[in-house]
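Undergrad: Provided herewith is a single structure, encoded as structure tokens, for subsequent inquiry.
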Amino acid sequence: MDSQDGQPPEITDDLPPPPPLPPNVVPIKAENDRASPPKKPAKPKRVPMQRPGLARKGQPISLLTNHFQVSLRSVDNYFYHYSVNLKYEDDRPVDGKGIGRKVIDKLHQTYDAELGNKDFAYDGEKSLFTIGALPQVNNEFTVVLEDISSNKSAVGNGSPGGNDSPGENERKRLRRPYQTKTFKVELSYASKIPMQALASALKGIDTEMSQEALRVLDIILRQNAAKQGCLLVRQSFFQNNPANFVDLAGGVLGCRGFHSSFRTSQGGLSLNIGTPLNFIYVSTTMIVRPGPVVEFLIANQNVRDPYQIDWAKAKRTLKNLRIKTSPSNTEYKIVGLSEQPCNQQMFTLKQRNRDSNGDCETTEITVYDYFVKNRNIDLRYSGDLPCINVGKPKRPTFIPLELCSLVSLQRYTKALTTIQRSSLVEKSRQKPQERMTSLNNALKSSNYDADPMLRACGVSINSQFTKVDGRVLQPPKLKVGNGEDFQPRNGRWNFNNKKLHDPSTVDKWAVVNFSARCDIRGLIRDLIKCGNMKGISVEDPFVVIEENGNMRRAPPPARVEDMFEQIKTKLPGAPRFLLCLLPERKNSLLYGPWKRKCLSEFGIITQCIAPTRVNDQYLTNVLLKINAKLGGINSYLQIERASQLPHVSSCPTIILGMDVSHGSPGQSDVPSIAAVVSSRAWPSISRYRASVRTQSPKVEMIDSLFKPSGNDDDGIVRELLIDFYTSSGKRKPDQIMIFRDGVSESQFNQVLNIELDQIIEACKFLDETWSPKFTLIIAQKNHHTKFFQPGSPDNVPPGTVVDNKICHPRNYDFYMCSQAGMIGTTRPTHYHVLHDEIGFAPDDLQELVHSLSYVYQRSTTAISVVAPICYAHLAATQMGQFMKFDDMSETSSGHGMTAPGVIAVPEMPRLHEKVSSSMFFC
């Protein structure tokens with residue numbers, strides 16, 4: 001099968017002598033280099049750079065943004081921080097969620113005078129804040145909570161606080177309608193935070209105290225939402241308003257929520273209120289559909305009636321959800337289900353004998369008979385169904401299913417189906433004017449002006465959207481086939497009557513069909529015709545290989561293995577390219593094993609498709625991907641071809657895009673995938689390759705950038721630097737631009753001082769005297785800032801950039817909307833320039849970032865973030881599929897333990913050398 005065709009040039013490590021070190025650069029040596037001289041004193045930590053100035057280029061545009069100006073009447077006071085310790089009266093710690101707010105509210109009502117009539121800001125867990133100190137040094141209180149609980153709807157064996165054993169217990173509870181619990185509350189002084197720190201933050205002096213002061217204000221907002229009955233998820237709140245619900249089928253609702261946080265900016269302090277981004281982010285969360293439990297289960301399992309429900313699955317789905325029972329309207333948490341149906345599940349009923357001296361007699365009775373005969377409650381269908389258990393595993397308390405209804409605003413944490421995910425994305429979208437209306441309504445309903453804690457600290461919030469000045473950058477001109485210049489309009493272009501700039505040749509190829517139903521011969525004919533129109537020479541395929549019919553129910557890896565056995569026997573040699581037809585349009589289980597077989601084991605470029613409606617646009621999009629994978633380029637930037645990019649064209653420059661992909665929420669044992677893509681063949685900034693590694697689950701910092709003693713693996717960066725050298729005429733990059741995705745502001749210093757140091761060490765490992773200049777930029781999409789055109793229903797135009805008013809008061813950041821928002825509301829990318837030794841002028845840097853949104857070879861539109869980051873995300877996602885069907889006990893030991901509590905991270909399969917330098921991820 002192996003063929004030497006298309007082998008990349010041999011990569012060697014004997015790099016030519018580098019230019020001398022700049023006088024201000026201190027060499028960094030590998031820690032394990034025994035021959036290295038003694039270590040020099042530790043360098044001071046890098047900090048994010050200051051803004052060098054504002055950019056000027058572009059057409060001015062007036063905008064509104066969802067930041068609301070905040071005024072502070074006084075900053076002379078202090079926030080006092082107290083640690084909260086909650087215990088039951090027997091000194092057991094309180095660990096139940098949600099109970100803390102009830103206890104602290106009751107504490108405030110009961111001991112208001114003793115606490116100096118102060119308002120509280122409580123985070124719901126261990127921290128409480130007041131303005132000024134509490135009058136007492138030792139603050140220990142006893143709090144009694146009363147729960148209205150008639151308890152007439154459940155039956156069990158007398159478990160305390162949660163059942164309804166009739167008889168003596170029932171009479172006692174009728175005489176005492178309130179069930180009480182006693183708590184001990186200890187408030188101990190922790191620290192005090194000067195409100196003056198907020199004024200310092202507005203001047204760009206970012207200290208730990210200023211962050212703490214902002215945290216207190218955010219806690220006040222969360223407390224405000226909690227008191228209005230909202231569901232809280234980190235910095236977002238979700239109101240119990242049916243207007244915010246979207247039905248996703250399966251008994252699941254998408255709940256549209258609002259994010260709120262205080263931000264320091266050039267224009268002062270502002271409150272940023274955001275609406276949902278999409279299903280990835282927390283401003284849209286999933287909740288179970290409130291109402292009868294049985295209706296939820298029927299919808300969730302997509303069955304016709306209750307008698308078809310899978311009760312083992314139902315038990316897992318319902319566990320820990322809250323219900324209200326009828327007719328008593330009492331709330332409980334579901335523990336499980338009964339083992340027997342309602343008409344067979346027995347319990348011991350204690351009843352006072354009226355003819356005796358108060359003695360009780362016991363009888364065995366079914367739950368069904370008790371409710372029907374003793375309580376005179378008509379049960380229409382519960383007899384043959386399990387009961388809900390709201391007691392304890394060993395002391396159950398049973399309630400018939402039809403008397404139970406799910407409480408509103410309960411998060412649904414199970415994985416969504418493909419259809420549900422698509423539905424959530426579609427239904428979460430809002431046009432700009434709809435979104436502005438939602439934001440206005442959220443601000444009004446929150447009624448912050450009436451919040452006693454905000455009033456006490458002198459905070460008032462303007463109800464008007466903040467006005468900002470933006471600029472619209474001109475789109476870069478593109479070069480397409482035959483040297484033709486092309487000007488994109490509204491962030492879009494096409495290849496109608498145009499050829500690709502560097503078309504490849506599709507030869508030595510075949511088609512494999514995994515049960516896809518389509519006119520394959522017609523597809524091939526149209527693909528060849530469309531390719532010729534775009535300048536791609538598409539030869540006839542060797543053969544079309546159909547999957548063996550008896551393999552269609554086999555596991556995906558077995559189906560792929562069988563297909564490759566056919567490929568070996570039906571082809572004259574190793575194919576250069578394989579077109580793979582999948583049966584499912586999205587999330588096909590065949591995708592991962594097929595890609596791994598082609599790219600890792602055999603080094604074959606492959607394109608997967610699942611054709612439904614085939615037209616010229618569809619075929620063109622497929623050919624764009626195939627051409628890029630086979631080494632062609634669809635279009636270039638005009639200034640790229642003319643070597644006119646400031647700084648980049650005049651000096652060998654490598655551009656890195658870095659991203660880490662994590663498992664789905666709740667998958668704590670799935671390894672994270674770190675991917676770095678790098679530009680190659682300088683002075684091009686349109687050609688890239690990728691290097692991918694696994695690392696510990698949920699770890700954001702990339703730990704494999706440099707491995708000085710990594711045996712066969714010296715790390716990601718060394719691999720990419722050598723590729724740049726061999727593909728760029730044996731030139732080392734004198735400048736390294738890094739675009740990093742997926743990190744929060746709290747992690748900026750780690751990127752600056754850990755990841756950047758690893759990259760510098762990788763350079764030193766190759767050549768001790770080589771010191772390139774670095775520029776490091778963070779790209780954030782997970783934020784809540786939006787821009788609107790006053791009085792216009794349209795999105796802001798592509799190329800819109802904002803670097804004033806709402807940006808950081810000191811640090812170097814800007815927002816850019818490079819894409820044309822066709823659906824919903826455009827989401828800008830927030831770029832943070834942490835480090836810039838190259839010395840870009842603000843205008844030059846913003847234009848370069850804008851241009852890098854136009855070199856994405858997969859599409860004919862400007863994308864929302866620079867192409868290197870998109871490529872890194874694609875590479876991480878695609879190679880993450882490689883390990884999906886590994887043997888869990890051996891290969892994918894990320895699901896097993898090498899030692900108690902230690903997760904072993906499986907090694908990522910390496911790409912075959914024939915495809916390692918390709919844009920396989922396109």
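Labels used: A, B, ... for chains in the order of the structure tokens, numbers from 1 for residues in each chain, and numbers from 1 for ligands as shown.
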Set the distance at 8 Å and use only C-alpha atoms: which residues neighbour A:Leu198 once local chain neighbours fewer than 2 positions away are removed? I'd like the list as a PyMOL selection string.

TA: chain A and resi 75+195-196+200-202+210+213-214

Undergrad: Which neighbours of stretch 619-629 of chain A fall inside 6 Å, counting only C-alpha atoms, when residues of the same chain fewer than 2 positions from it are skipped, and could you give them as a ChimeraX atom specification?

TA: /A:504,616-617,631-633,858,918-920,922

Undergrad: Taking 2 positions as the minimum chain separation for residues in the same chain, which residues sit within 10 Å of A:Pro556 when counting only C-alpha atoms? Answer as a PyMOL selection string.

TA: chain A and resi 551-554+558-562+588-594+885

Undergrad: Could those selected residues go to a file with N, CA and C atoms, as a PDB file, in the first residue's frame?

TA:
```pdb
ATOM      1  N   MET A 551     -21.904  -5.932   6.420  1.00  0.00           N
ATOM      2  CA  MET A 551     -21.111  -5.193   7.402  1.00  0.00           C
ATOM      3  C   MET A 551     -21.857  -3.981   7.979  1.00  0.00           C
ATOM      4  N   ARG A 552     -23.056  -3.706   7.485  1.00  0.00           N
ATOM      5  CA  ARG A 552     -23.696  -2.439   7.847  1.00  0.00           C
ATOM      6  C   ARG A 552     -24.151  -2.364   9.296  1.00  0.00           C
ATOM      7  N   ARG A 553     -24.281  -3.508   9.950  1.00  0.00           N
ATOM      8  CA  ARG A 553     -24.646  -3.506  11.370  1.00  0.00           C
ATOM      9  C   ARG A 553     -23.448  -3.784  12.276  1.00  0.00           C
ATOM     10  N   ALA A 554     -22.260  -3.871  11.681  1.00  0.00           N
ATOM     11  CA  ALA A 554     -21.048  -4.133  12.456  1.00  0.00           C
ATOM     12  C   ALA A 554     -20.584  -2.843  13.143  1.00  0.00           C
ATOM     13  N   ALA A 558     -14.869  -1.968  12.632  1.00  0.00           N
ATOM     14  CA  ALA A 558     -14.886  -3.175  11.796  1.00  0.00           C
ATOM     15  C   ALA A 558     -15.329  -2.833  10.377  1.00  0.00           C
ATOM     16  N   ARG A 559     -16.269  -1.924  10.232  1.00  0.00           N
ATOM     17  CA  ARG A 559     -16.727  -1.520   8.896  1.00  0.00           C
ATOM     18  C   ARG A 559     -15.588  -0.841   8.129  1.00  0.00           C
ATOM     19  N   VAL A 560     -14.830   0.007   8.831  1.00  0.00           N
ATOM     20  CA  VAL A 560     -13.698   0.693   8.185  1.00  0.00           C
ATOM     21  C   VAL A 560     -12.626  -0.314   7.798  1.00  0.00           C
ATOM     22  N   GLU A 561     -12.350  -1.271   8.690  1.00  0.00           N
ATOM     23  CA  GLU A 561     -11.332  -2.291   8.396  1.00  0.00           C
ATOM     24  C   GLU A 561     -11.710  -3.103   7.169  1.00  0.00           C
ATOM     25  N   ASP A 562     -12.961  -3.481   7.098  1.00  0.00           N
ATOM     26  CA  ASP A 562     -13.425  -4.264   5.944  1.00  0.00           C
ATOM     27  C   ASP A 562     -13.320  -3.447   4.657  1.00  0.00           C
ATOM     28  N   SER A 588     -21.483  11.140  12.178  1.00  0.00           N
ATOM     29  CA  SER A 588     -21.434   9.729  11.816  1.00  0.00           C
ATOM     30  C   SER A 588     -20.374   9.029  12.659  1.00  0.00           C
ATOM     31  N   LEU A 589     -20.725   7.877  13.207  1.00  0.00           N
ATOM     32  CA  LEU A 589     -19.777   7.125  14.027  1.00  0.00           C
ATOM     33  C   LEU A 589     -18.630   6.558  13.207  1.00  0.00           C
ATOM     34  N   LEU A 590     -18.774   6.558  11.890  1.00  0.00           N
ATOM     35  CA  LEU A 590     -17.703   6.058  11.020  1.00  0.00           C
ATOM     36  C   LEU A 590     -16.586   7.080  10.837  1.00  0.00           C
ATOM     37  N   TYR A 591     -16.890   8.361  11.133  1.00  0.00           N
ATOM     38  CA  TYR A 591     -15.975   9.443  10.778  1.00  0.00           C
ATOM     39  C   TYR A 591     -14.604   9.278  11.442  1.00  0.00           C
ATOM     40  N   GLY A 592     -14.589   9.085  12.775  1.00  0.00           N
ATOM     41  CA  GLY A 592     -13.327   8.994  13.499  1.00  0.00           C
ATOM     42  C   GLY A 592     -12.465   7.832  13.060  1.00  0.00           C
ATOM     43  N   PRO A 593     -13.006   6.589  13.059  1.00  0.00           N
ATOM     44  CA  PRO A 593     -12.187   5.447  12.616  1.00  0.00           C
ATOM     45  C   PRO A 593     -11.696   5.590  11.173  1.00  0.00           C
ATOM     46  N   TRP A 594     -12.534   6.177  10.307  1.00  0.00           N
ATOM     47  CA  TRP A 594     -12.124   6.338   8.905  1.00  0.00           C
ATOM     48  C   TRP A 594     -10.969   7.339   8.786  1.00  0.00           C
ATOM     49  N   PHE A 885     -13.022   5.176  19.461  1.00  0.00           N
ATOM     50  CA  PHE A 885     -13.363   3.760  19.583  1.00  0.00           C
ATOM     51  C   PHE A 885     -12.166   2.932  20.044  1.00  0.00           C
TER      52      PHE A 885
END
```

Undergrad: Give me, as a list in words, all polymer residues having an atom no more than 10 Å from A:Arg827, counting only C-alpha atoms and skipping those fewer than 2 positions away in the same chain.

TA: Leu277, Lys781, Asn782, His783, His784, Thr785, Lys786, Phe787, Asn795, Val796, Tyr815, Met816, Cys817, Ser818, Gln819, Gly821, Gly824, Thr825, Thr829, His830 and Ser864 of chain A

Undergrad: Show which residues sit within 12 Å of A:Ile309, as a list in words. Count only C-alpha atoms, and ignore same-chain residues fewer than 3 positions away.

TA: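 The filter keeps Val293, Val294, Glu295, Phe296, Leu297, Ile298, Ala299, Asn300, Gln301, Asn302, Val303, Arg304, Asp305, Pro306, Ala312, Lys313, Ala314, Lys315, Thr317, Asp384, Leu385 and Pro386 of chain A.
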
Undergrad: Can those selected residues be exported to a file as a compact mmCIF listing (two decimals), in the first residue's frame so that it contains C-alpha atoms?

TA:
```txt
# COMPACT_ATOMS: atom_id res chain seq x y z
CA VAL A 293 -43.58 13.55 35.47
CA VAL A 294 -45.20 10.95 33.25
CA GLU A 295 -45.58 13.42 30.37
CA PHE A 296 -41.91 14.35 30.66
CA LEU A 297 -40.83 10.69 30.55
CA ILE A 298 -43.03 9.93 27.52
CA ALA A 299 -41.52 12.89 25.65
CA ASN A 300 -37.98 12.19 26.84
CA GLN A 301 -38.03 8.58 25.65
CA ASN A 302 -40.23 9.27 22.61
CA VAL A 303 -42.79 6.57 23.44
CA ARG A 304 -46.57 6.50 22.99
CA ASP A 305 -47.75 5.81 26.52
CA PRO A 306 -46.41 5.21 30.06
CA ALA A 312 -34.08 1.88 34.34
CA LYS A 313 -33.37 4.84 32.08
CA ALA A 314 -36.15 6.85 33.72
CA LYS A 315 -34.61 6.27 37.15
CA THR A 317 -33.01 10.70 34.31
CA ASP A 384 -49.11 -0.79 36.98
CA LEU A 385 -46.34 1.81 37.12
CA PRO A 386 -43.55 2.32 39.67
```

Undergrad: Do you know which residues are at most 8 Å from stretch 235-249 of chain A counting only C-alpha atoms, after dropping those on the same chain fewer than 3 positions away, and could you put them as number ranges by chain?

TA: A: 218, 222, 225, 229-232, 252-261, 282-283, 299-300, 408-409, 420, 423-424, 427-428

Undergrad: Which of stretch 670-824 of chain A end up as strand (DSSP E or B) when DSSP is run on this backbone - answer as a VMD selection string?

TA: chain A and resid 672 to 679 688 to 695 735 to 741 773 to 780 787 to 788 800 to 802 811 to 817

Undergrad: I need the residue nearest A:Ile702 from this list: A:Ser679, A:Gln758, A:Ser916, A:Asn329. Use only C-alpha atoms for the distance.

TA: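 Once distances to A:Ile702 are computed over only C-alpha atoms, the minimum belongs to A:Gln758.
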